[in-house]
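Asker: Please find coords.txt (compact mmCIF, C-alpha atoms) on the next line:
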# COMPACT_ATOMS: atom_id res chain seq x y z
CA MET A 4 15.91 5.95 -10.10
CA THR A 5 13.89 2.75 -9.67
CA TRP A 6 13.64 0.08 -6.99
CA SER A 7 13.26 -3.65 -7.19
CA LEU A 8 10.23 -5.30 -5.56
CA GLU A 9 10.54 -8.92 -4.49
CA PRO A 10 7.61 -11.29 -3.95
CA VAL A 11 7.15 -12.36 -0.31
CA GLY A 12 4.20 -14.63 -1.08
CA VAL A 13 1.29 -15.35 -3.37
CA ILE A 14 -2.52 -15.27 -3.30
CA ARG A 15 -4.29 -18.62 -3.62
CA SER A 16 -7.90 -18.09 -4.63
CA THR A 17 -10.72 -19.83 -6.42
CA ILE A 18 -10.78 -16.79 -8.76
CA ALA A 19 -8.73 -18.13 -11.63
CA ARG A 20 -9.39 -15.53 -14.33
CA LEU A 21 -9.30 -11.74 -14.40
CA GLU A 22 -12.75 -11.59 -16.00
CA ASP A 23 -14.17 -13.51 -13.02
CA ALA A 24 -12.71 -11.18 -10.37
CA PRO A 25 -15.20 -8.92 -8.60
CA LEU A 26 -14.39 -5.20 -8.74
CA PHE A 27 -14.61 -4.77 -4.99
CA TYR A 28 -14.33 -7.09 -2.03
CA THR A 29 -17.97 -6.64 -1.05
CA GLU A 30 -19.13 -7.88 -4.41
CA GLY A 31 -18.95 -11.60 -3.86
CA ALA A 32 -15.20 -11.99 -3.42
CA PRO A 33 -14.40 -15.37 -1.88
CA ASP A 34 -12.13 -15.94 1.08
CA ALA A 35 -8.65 -16.97 0.05
CA PHE A 36 -5.16 -17.86 1.22
CA VAL A 37 -1.95 -15.89 1.41
CA GLU A 38 1.00 -18.28 1.06
CA VAL A 39 4.16 -16.72 2.43
CA LEU A 40 7.51 -17.84 0.99
CA PRO A 41 9.57 -19.93 3.45
CA GLN A 42 12.42 -17.41 3.73
CA TYR A 43 9.97 -14.84 5.14
CA ALA A 44 8.55 -17.10 7.88
CA PRO A 45 10.24 -15.03 10.66
CA ALA A 46 8.29 -11.95 9.50
CA LEU A 47 5.02 -13.72 10.50
CA HIS A 48 6.10 -14.11 14.15
CA ARG A 49 3.31 -13.05 16.54
CA MET A 50 0.65 -12.72 13.82
CA ARG A 51 -2.60 -14.22 15.14
CA ALA A 52 -5.98 -15.36 13.84
CA GLY A 53 -8.34 -12.41 14.22
CA ASP A 54 -5.73 -9.82 13.23
CA GLU A 55 -6.75 -7.26 10.62
CA ILE A 56 -4.07 -6.84 7.99
CA ILE A 57 -3.44 -5.04 4.73
CA VAL A 58 -2.18 -7.40 2.06
CA VAL A 59 -0.10 -5.44 -0.47
CA THR A 60 -0.08 -7.08 -3.89
CA TRP A 61 1.59 -6.48 -7.23
CA LEU A 62 -1.23 -6.45 -9.80
CA HIS A 63 0.94 -8.11 -12.40
CA ARG A 64 -1.75 -7.95 -15.10
CA GLY A 65 -2.10 -4.15 -14.78
CA ARG A 66 -1.12 -1.84 -17.66
CA ARG A 67 1.49 0.63 -16.43
CA ASP A 68 1.04 3.16 -19.26
CA VAL A 69 -2.60 3.94 -18.43
CA LEU A 70 -3.09 7.23 -16.51
CA GLN A 71 -6.86 7.76 -16.86
CA VAL A 72 -9.78 5.33 -16.88
CA HIS A 73 -13.55 5.24 -16.75
CA PRO A 74 -14.07 3.89 -13.21
CA ARG A 75 -15.31 0.30 -13.14
CA GLY A 76 -14.81 0.15 -16.91
CA ASP A 77 -18.15 1.92 -17.37
CA ASP A 78 -18.16 4.66 -20.03
CA ALA A 79 -20.98 6.36 -18.12
CA ASN A 80 -18.42 7.23 -15.44
CA PRO A 81 -16.31 10.26 -16.38
CA LEU A 82 -12.67 9.77 -17.34
CA THR A 83 -10.71 9.96 -14.07
CA GLY A 84 -7.02 10.03 -13.20
CA VAL A 85 -5.93 6.62 -11.90
CA PHE A 86 -4.70 8.21 -8.64
CA SER A 87 -8.41 8.73 -7.82
CA THR A 88 -9.43 5.19 -8.78
CA ARG A 89 -8.73 1.62 -7.71
CA SER A 90 -7.91 0.59 -11.28
CA PRO A 91 -5.20 -2.10 -11.54
CA ASP A 92 -3.94 -0.08 -14.52
CA ARG A 93 -1.56 2.53 -13.00
CA PRO A 94 2.15 3.44 -13.15
CA ASN A 95 3.03 1.10 -10.26
CA PRO A 96 0.25 -1.51 -10.09
CA ILE A 97 0.19 -1.92 -6.31
CA GLY A 98 -2.98 -3.38 -4.78
CA LEU A 99 -4.14 -2.88 -1.19
CA HIS A 100 -6.52 -5.44 0.34
CA ARG A 101 -7.76 -5.05 3.90
CA VAL A 102 -8.69 -8.48 5.29
CA ARG A 103 -9.09 -10.37 8.53
CA VAL A 104 -6.90 -13.37 9.28
CA LEU A 105 -9.27 -16.29 9.87
CA ALA A 106 -6.61 -18.90 10.64
CA ILE A 107 -2.87 -19.45 10.32
CA ASP A 108 -1.38 -22.80 9.34
CA GLY A 109 2.38 -22.42 9.15
CA LEU A 110 3.13 -20.20 6.15
CA ARG A 111 -0.49 -20.16 5.00
CA LEU A 112 -2.85 -17.40 6.12
CA HIS A 113 -6.55 -18.04 5.59
CA VAL A 114 -8.10 -14.62 5.02
CA ASP A 115 -11.61 -13.37 4.33
CA ALA A 116 -12.93 -11.74 1.15
CA ILE A 117 -10.20 -10.61 -1.22
CA GLU A 118 -10.70 -9.51 -4.84
CA ALA A 119 -7.46 -10.82 -6.35
CA ILE A 120 -6.93 -13.63 -8.79
CA ASP A 121 -5.07 -16.84 -8.03
CA GLY A 122 -1.34 -16.34 -8.43
CA THR A 123 -1.27 -12.62 -7.64
CA PRO A 124 2.12 -11.83 -6.05
CA VAL A 125 2.14 -10.48 -2.49
CA VAL A 126 4.86 -7.89 -1.79
CA ASP A 127 4.09 -6.83 1.81
CA ILE A 128 1.74 -7.45 4.73
CA LYS A 129 0.96 -4.72 7.27
CA PRO A 130 -1.13 -4.55 10.41
CA VAL A 131 -4.18 -2.30 10.48
CA VAL A 132 -3.44 0.17 13.26
CA SER A 133 -5.53 3.02 14.49
CA SER A 134 -4.21 5.83 16.64
CA ALA A 135 -6.26 4.35 19.49
CA ASP A 136 -4.45 1.02 19.63
CA HIS A 137 -1.05 2.07 18.43
CA MET B 9 10.95 -12.75 -10.37
CA THR B 10 11.12 -9.07 -9.37
CA TRP B 11 9.40 -5.90 -10.54
CA SER B 12 10.65 -2.39 -11.03
CA LEU B 13 9.01 0.43 -9.07
CA GLU B 14 9.19 3.94 -10.52
CA PRO B 15 8.79 7.14 -8.53
CA VAL B 16 5.65 9.12 -9.43
CA GLY B 17 6.42 11.94 -7.01
CA VAL B 18 8.14 12.97 -3.80
CA ILE B 19 7.21 14.08 -0.28
CA ARG B 20 8.17 17.64 0.66
CA SER B 21 8.15 18.02 4.43
CA THR B 22 9.74 20.08 7.16
CA ILE B 23 10.95 16.75 8.62
CA ALA B 24 14.48 16.66 7.25
CA ARG B 25 16.04 13.85 9.26
CA LEU B 26 14.96 10.31 10.09
CA GLU B 27 15.63 10.88 13.81
CA ASP B 28 13.15 13.77 13.78
CA ALA B 29 10.30 11.79 12.21
CA PRO B 30 7.44 10.87 14.50
CA LEU B 31 6.60 7.17 14.66
CA PHE B 32 2.93 7.73 13.89
CA TYR B 33 0.96 10.47 12.21
CA THR B 34 -0.89 11.40 15.37
CA GLU B 35 2.37 12.13 17.17
CA GLY B 36 3.04 15.64 15.96
CA ALA B 37 3.58 14.95 12.28
CA PRO B 38 3.37 18.17 10.28
CA ASP B 39 1.29 18.70 7.18
CA ALA B 40 3.31 18.33 4.02
CA PHE B 41 3.25 18.33 0.24
CA VAL B 42 3.16 15.58 -2.35
CA GLU B 43 4.85 16.78 -5.53
CA VAL B 44 3.79 14.71 -8.50
CA LEU B 45 6.20 14.37 -11.44
CA PRO B 46 5.01 16.22 -14.56
CA GLN B 47 4.60 13.10 -16.69
CA TYR B 48 1.96 11.81 -14.23
CA ALA B 49 -0.19 14.97 -14.25
CA PRO B 50 -3.04 13.20 -16.15
CA ALA B 51 -3.33 10.69 -13.28
CA LEU B 52 -4.42 13.56 -10.96
CA HIS B 53 -7.43 14.45 -13.12
CA ARG B 54 -10.58 14.88 -10.99
CA MET B 55 -8.75 14.77 -7.65
CA ARG B 56 -10.22 17.46 -5.38
CA ALA B 57 -9.39 19.25 -2.13
CA GLY B 58 -11.15 17.35 0.62
CA ASP B 59 -10.48 13.92 -0.89
CA GLU B 60 -9.06 11.27 1.43
CA ILE B 61 -6.18 9.42 -0.18
CA ILE B 62 -3.57 6.81 0.62
CA VAL B 63 -0.09 7.97 -0.33
CA VAL B 64 2.08 4.94 -1.03
CA THR B 65 5.77 5.64 -0.44
CA TRP B 66 9.03 3.79 -0.86
CA LEU B 67 10.80 4.02 2.51
CA HIS B 68 14.20 4.28 0.87
CA ARG B 69 16.06 4.31 4.18
CA GLY B 70 14.51 1.01 5.32
CA ARG B 71 16.68 -2.10 5.80
CA ARG B 72 15.35 -4.89 3.60
CA ASP B 73 17.10 -7.74 5.45
CA VAL B 74 15.30 -7.15 8.77
CA LEU B 75 12.41 -9.60 9.41
CA GLN B 76 11.74 -9.00 13.13
CA VAL B 77 11.86 -5.87 15.28
CA HIS B 78 10.96 -4.60 18.71
CA PRO B 79 7.99 -2.35 17.83
CA ARG B 80 8.76 1.35 18.12
CA GLY B 81 12.42 0.47 18.71
CA ASP B 82 11.58 -0.25 22.36
CA ASP B 83 13.21 -3.41 23.78
CA ALA B 84 10.31 -3.64 26.25
CA ASN B 85 8.09 -4.59 23.29
CA PRO B 86 8.49 -8.27 22.33
CA LEU B 87 10.32 -9.17 19.14
CA THR B 88 7.66 -9.19 16.41
CA GLY B 89 7.63 -10.18 12.74
CA VAL B 90 7.70 -7.08 10.56
CA PHE B 91 4.46 -8.16 8.83
CA SER B 92 2.74 -7.30 12.14
CA THR B 93 4.49 -3.94 12.55
CA ARG B 94 4.75 -0.61 10.75
CA SER B 95 8.55 -0.76 10.78
CA PRO B 96 10.21 0.84 7.72
CA ASP B 97 12.61 -2.11 7.91
CA ARG B 98 10.94 -4.91 5.88
CA PRO B 99 11.59 -6.92 2.69
CA ASN B 100 9.83 -4.36 0.48
CA PRO B 101 9.87 -1.05 2.39
CA ILE B 102 6.48 0.23 1.24
CA GLY B 103 4.83 2.93 3.38
CA LEU B 104 1.10 3.66 3.52
CA HIS B 105 -0.05 7.10 4.66
CA ARG B 106 -3.73 7.97 4.86
CA VAL B 107 -4.17 11.72 4.50
CA ARG B 108 -6.69 14.35 3.47
CA VAL B 109 -5.98 16.62 0.52
CA LEU B 110 -6.14 20.18 1.85
CA ALA B 111 -5.47 21.95 -1.46
CA ILE B 112 -4.20 21.23 -4.94
CA ASP B 113 -1.93 23.62 -6.83
CA GLY B 114 -1.06 22.07 -10.18
CA LEU B 115 1.20 19.10 -9.46
CA ARG B 116 1.49 19.91 -5.75
CA LEU B 117 -0.93 18.36 -3.24
CA HIS B 118 -1.04 19.96 0.18
CA VAL B 119 -1.90 17.14 2.60
CA ASP B 120 -2.41 16.91 6.34
CA ALA B 121 -0.24 15.08 8.88
CA ILE B 122 2.20 12.63 7.30
CA GLU B 123 5.09 10.91 9.09
CA ALA B 124 7.59 10.78 6.23
CA ILE B 125 10.85 12.65 5.80
CA ASP B 126 11.54 15.21 3.11
CA GLY B 127 12.56 13.50 -0.12
CA THR B 128 10.70 10.23 0.47
CA PRO B 129 9.71 8.84 -2.95
CA VAL B 130 5.99 8.41 -3.71
CA VAL B 131 5.13 5.36 -5.82
CA ASP B 132 1.32 5.46 -5.91
CA ILE B 133 -1.71 7.43 -4.74
CA LYS B 134 -5.06 5.76 -4.13
CA PRO B 135 -8.49 6.97 -3.07
CA VAL B 136 -9.88 5.86 0.28
CA VAL B 137 -13.06 3.98 -0.64
CA SER B 138 -15.52 2.26 1.58
CA SER B 139 -18.12 -0.18 0.41
CA ALA B 140 -20.72 2.51 1.14
CA ASP B 141 -19.41 5.07 -1.35
CA HIS B 142 -17.95 2.75 -3.93
Output the file's structure as structure tokens, nothing else.
Answerer:
Amino acid sequence: MTWSLEPVGVIRSTIARLEDAPLFYTEGAPDAFVEVLPQYAPALHRMRAGDEIIVVTWLHRGRRDVLQVHPRGDDANPLTGVFSTRSPDRPNPIGLHRVRVLAIDGLRLHVDAIEAIDGTPVVDIKPVVSSADH
Amino acid sequence: MTWSLEPVGVIRSTIARLEDAPLFYTEGAPDAFVEVLPQYAPALHRMRAGDEIIVVTWLHRGRRDVLQVHPRGDDANPLTGVFSTRSPDRPNPIGLHRVRVLAIDGLRLHVDAIEAIDGTPVVDIKPVVSSADH
């Protein structure tokens, strides 16, 4: 049994190449844009600048047959199952990126630091909720 | 363009029916098990009891054509785009569940409170990482 994922948007970033992408958002990732496809505009209703969201991406350059990696590509780190790493190589290469919405212009969300290359497909957007504000 | 998601495991829970599932993990969700499929055993290497993980599920009962909902199914809450809600109804019904691993027995992870019904497919598992411990 498998399921079909559809893109709902795309990342627009100044990071054009995989080899230029930082490994973590604190490591110099630039702010970027999430461009939502027009047919999903209603799903943005009531989103506001200042909101914290989780952008769910499909890491389309990931290798799906890799089950263990040396974290951060460093052989000094012990071989680790991908379920304990953030490697884009994994059976279903889903990426999670927690960001703040800086501004919204129609279908275009300006978000802060995100470590994804230009053109990365977005498959979902979720609010960050804590039990306190739920 | 679409992508194919494969199950890597399944949730085993005492919550058998959708109408019995709490809406949030703090609302009486029971602890549960994540059963990983045998072919993905290598991806669990080095996972330990005590680890905090994000279990990524496919909310197979979600309606993919719903773009706006009244949060928590309560008409008193204003109609809101699903990208600002945790509704299982959304274009790609991906669920995120942050849990702690209580114990590991082979392919079976015992995890704390998770608001997912028995049989929910698991499509990825990720470590919780902060910039401090990355």
Asker: Chain A near chain B within 6 Å: what's each residue's closest atom pair and its distance in Å to one decimal, counting all atoms listed in the file, ordered by chain then ascending residue number, as JSON lines?
Answerer:
{"residue": "A:Thr5", "atom": "CA", "partner": "B:Glu14", "partner_atom": "CA", "distance": 4.9}
{"residue": "A:Trp6", "atom": "CA", "partner": "B:Leu13", "partner_atom": "CA", "distance": 5.1}
{"residue": "A:Ser7", "atom": "CA", "partner": "B:Ser12", "partner_atom": "CA", "distance": 4.8}
{"residue": "A:Leu8", "atom": "CA", "partner": "B:Trp11", "partner_atom": "CA", "distance": 5.1}
{"residue": "A:Glu9", "atom": "CA", "partner": "B:Thr10", "partner_atom": "CA", "distance": 4.9}
{"residue": "A:Pro45", "atom": "CA", "partner": "B:Gly89", "partner_atom": "CA", "distance": 5.9}
{"residue": "A:Ala46", "atom": "CA", "partner": "B:Gly89", "partner_atom": "CA", "distance": 3.8}
{"residue": "A:Leu47", "atom": "CA", "partner": "B:Gly89", "partner_atom": "CA", "distance": 4.9}
{"residue": "A:His48", "atom": "CA", "partner": "B:Gly89", "partner_atom": "CA", "distance": 4.4}
{"residue": "A:Arg49", "atom": "CA", "partner": "B:Thr88", "partner_atom": "CA", "distance": 5.8}
{"residue": "A:Leu70", "atom": "CA", "partner": "B:Ala51", "partner_atom": "CA", "distance": 4.7}
{"residue": "A:Gln71", "atom": "CA", "partner": "B:Ala51", "partner_atom": "CA", "distance": 5.8}
{"residue": "A:Thr83", "atom": "CA", "partner": "B:His53", "partner_atom": "CA", "distance": 5.6}
{"residue": "A:Gly84", "atom": "CA", "partner": "B:Ala51", "partner_atom": "CA", "distance": 3.7}
{"residue": "A:Val85", "atom": "CA", "partner": "B:Ala51", "partner_atom": "CA", "distance": 5.0}
{"residue": "A:Phe86", "atom": "CA", "partner": "B:Ile133", "partner_atom": "CA", "distance": 5.0}
{"residue": "A:Ser87", "atom": "CA", "partner": "B:Pro135", "partner_atom": "CA", "distance": 5.1}
{"residue": "A:Ile128", "atom": "CA", "partner": "B:Phe91", "partner_atom": "CA", "distance": 5.0}
{"residue": "A:Lys129", "atom": "CA", "partner": "B:Phe91", "partner_atom": "CA", "distance": 5.1}
{"residue": "A:Pro130", "atom": "CA", "partner": "B:Ser92", "partner_atom": "CA", "distance": 5.1}
Asker: Can you tell me how far CA of Ile117 (chain A) sits from CA of Pro91 (chain A), in Å to one decimal?
Answerer: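 The value is 14.3 Å.
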Asker: So for region 115-123 of chain A, what box centre and size do we get, axis-aligned, 4 Å extra on each of the six sides, every listed atom, Å to one decimal, as lines of an AutoDock Vina configuration file?
Answerer:
center_x = -7.1
center_y = -13.2
center_z = -2.2
size_x = 19.7
size_y = 15.3
size_z = 21.1
Asker: With distances taken over all atoms listed in the file, which of A:Pro41, A:Leu62, A:Leu110, A:Asp23 is nearest to Gly122 (chain A)?
Answerer: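 Comparing A:Pro41, A:Leu62, A:Leu110, A:Asp23 against Gly122 (chain A), the winner is A:Leu62.
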Asker: Go ahead and compute the interatomic distance for CA of Pro33 (chain A) and CA of Ile120 (chain A), in Å to one decimal.
Answerer: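 Going from CA of Pro33 (chain A) over to CA of Ile120 (chain A) covers 10.3 Å.
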Asker: Quick check, in Å to one decimal: how far apart do CA of Ser21 (chain B) and CA of Phe41 (chain B) lie?
Answerer: 6.5 Å
Asker: Gly17 (chain B): which residues within 8 Å, counting only C-alpha atoms, same-chain residues fewer than 5 positions away excluded, as a count of residues only?
Answerer: 7
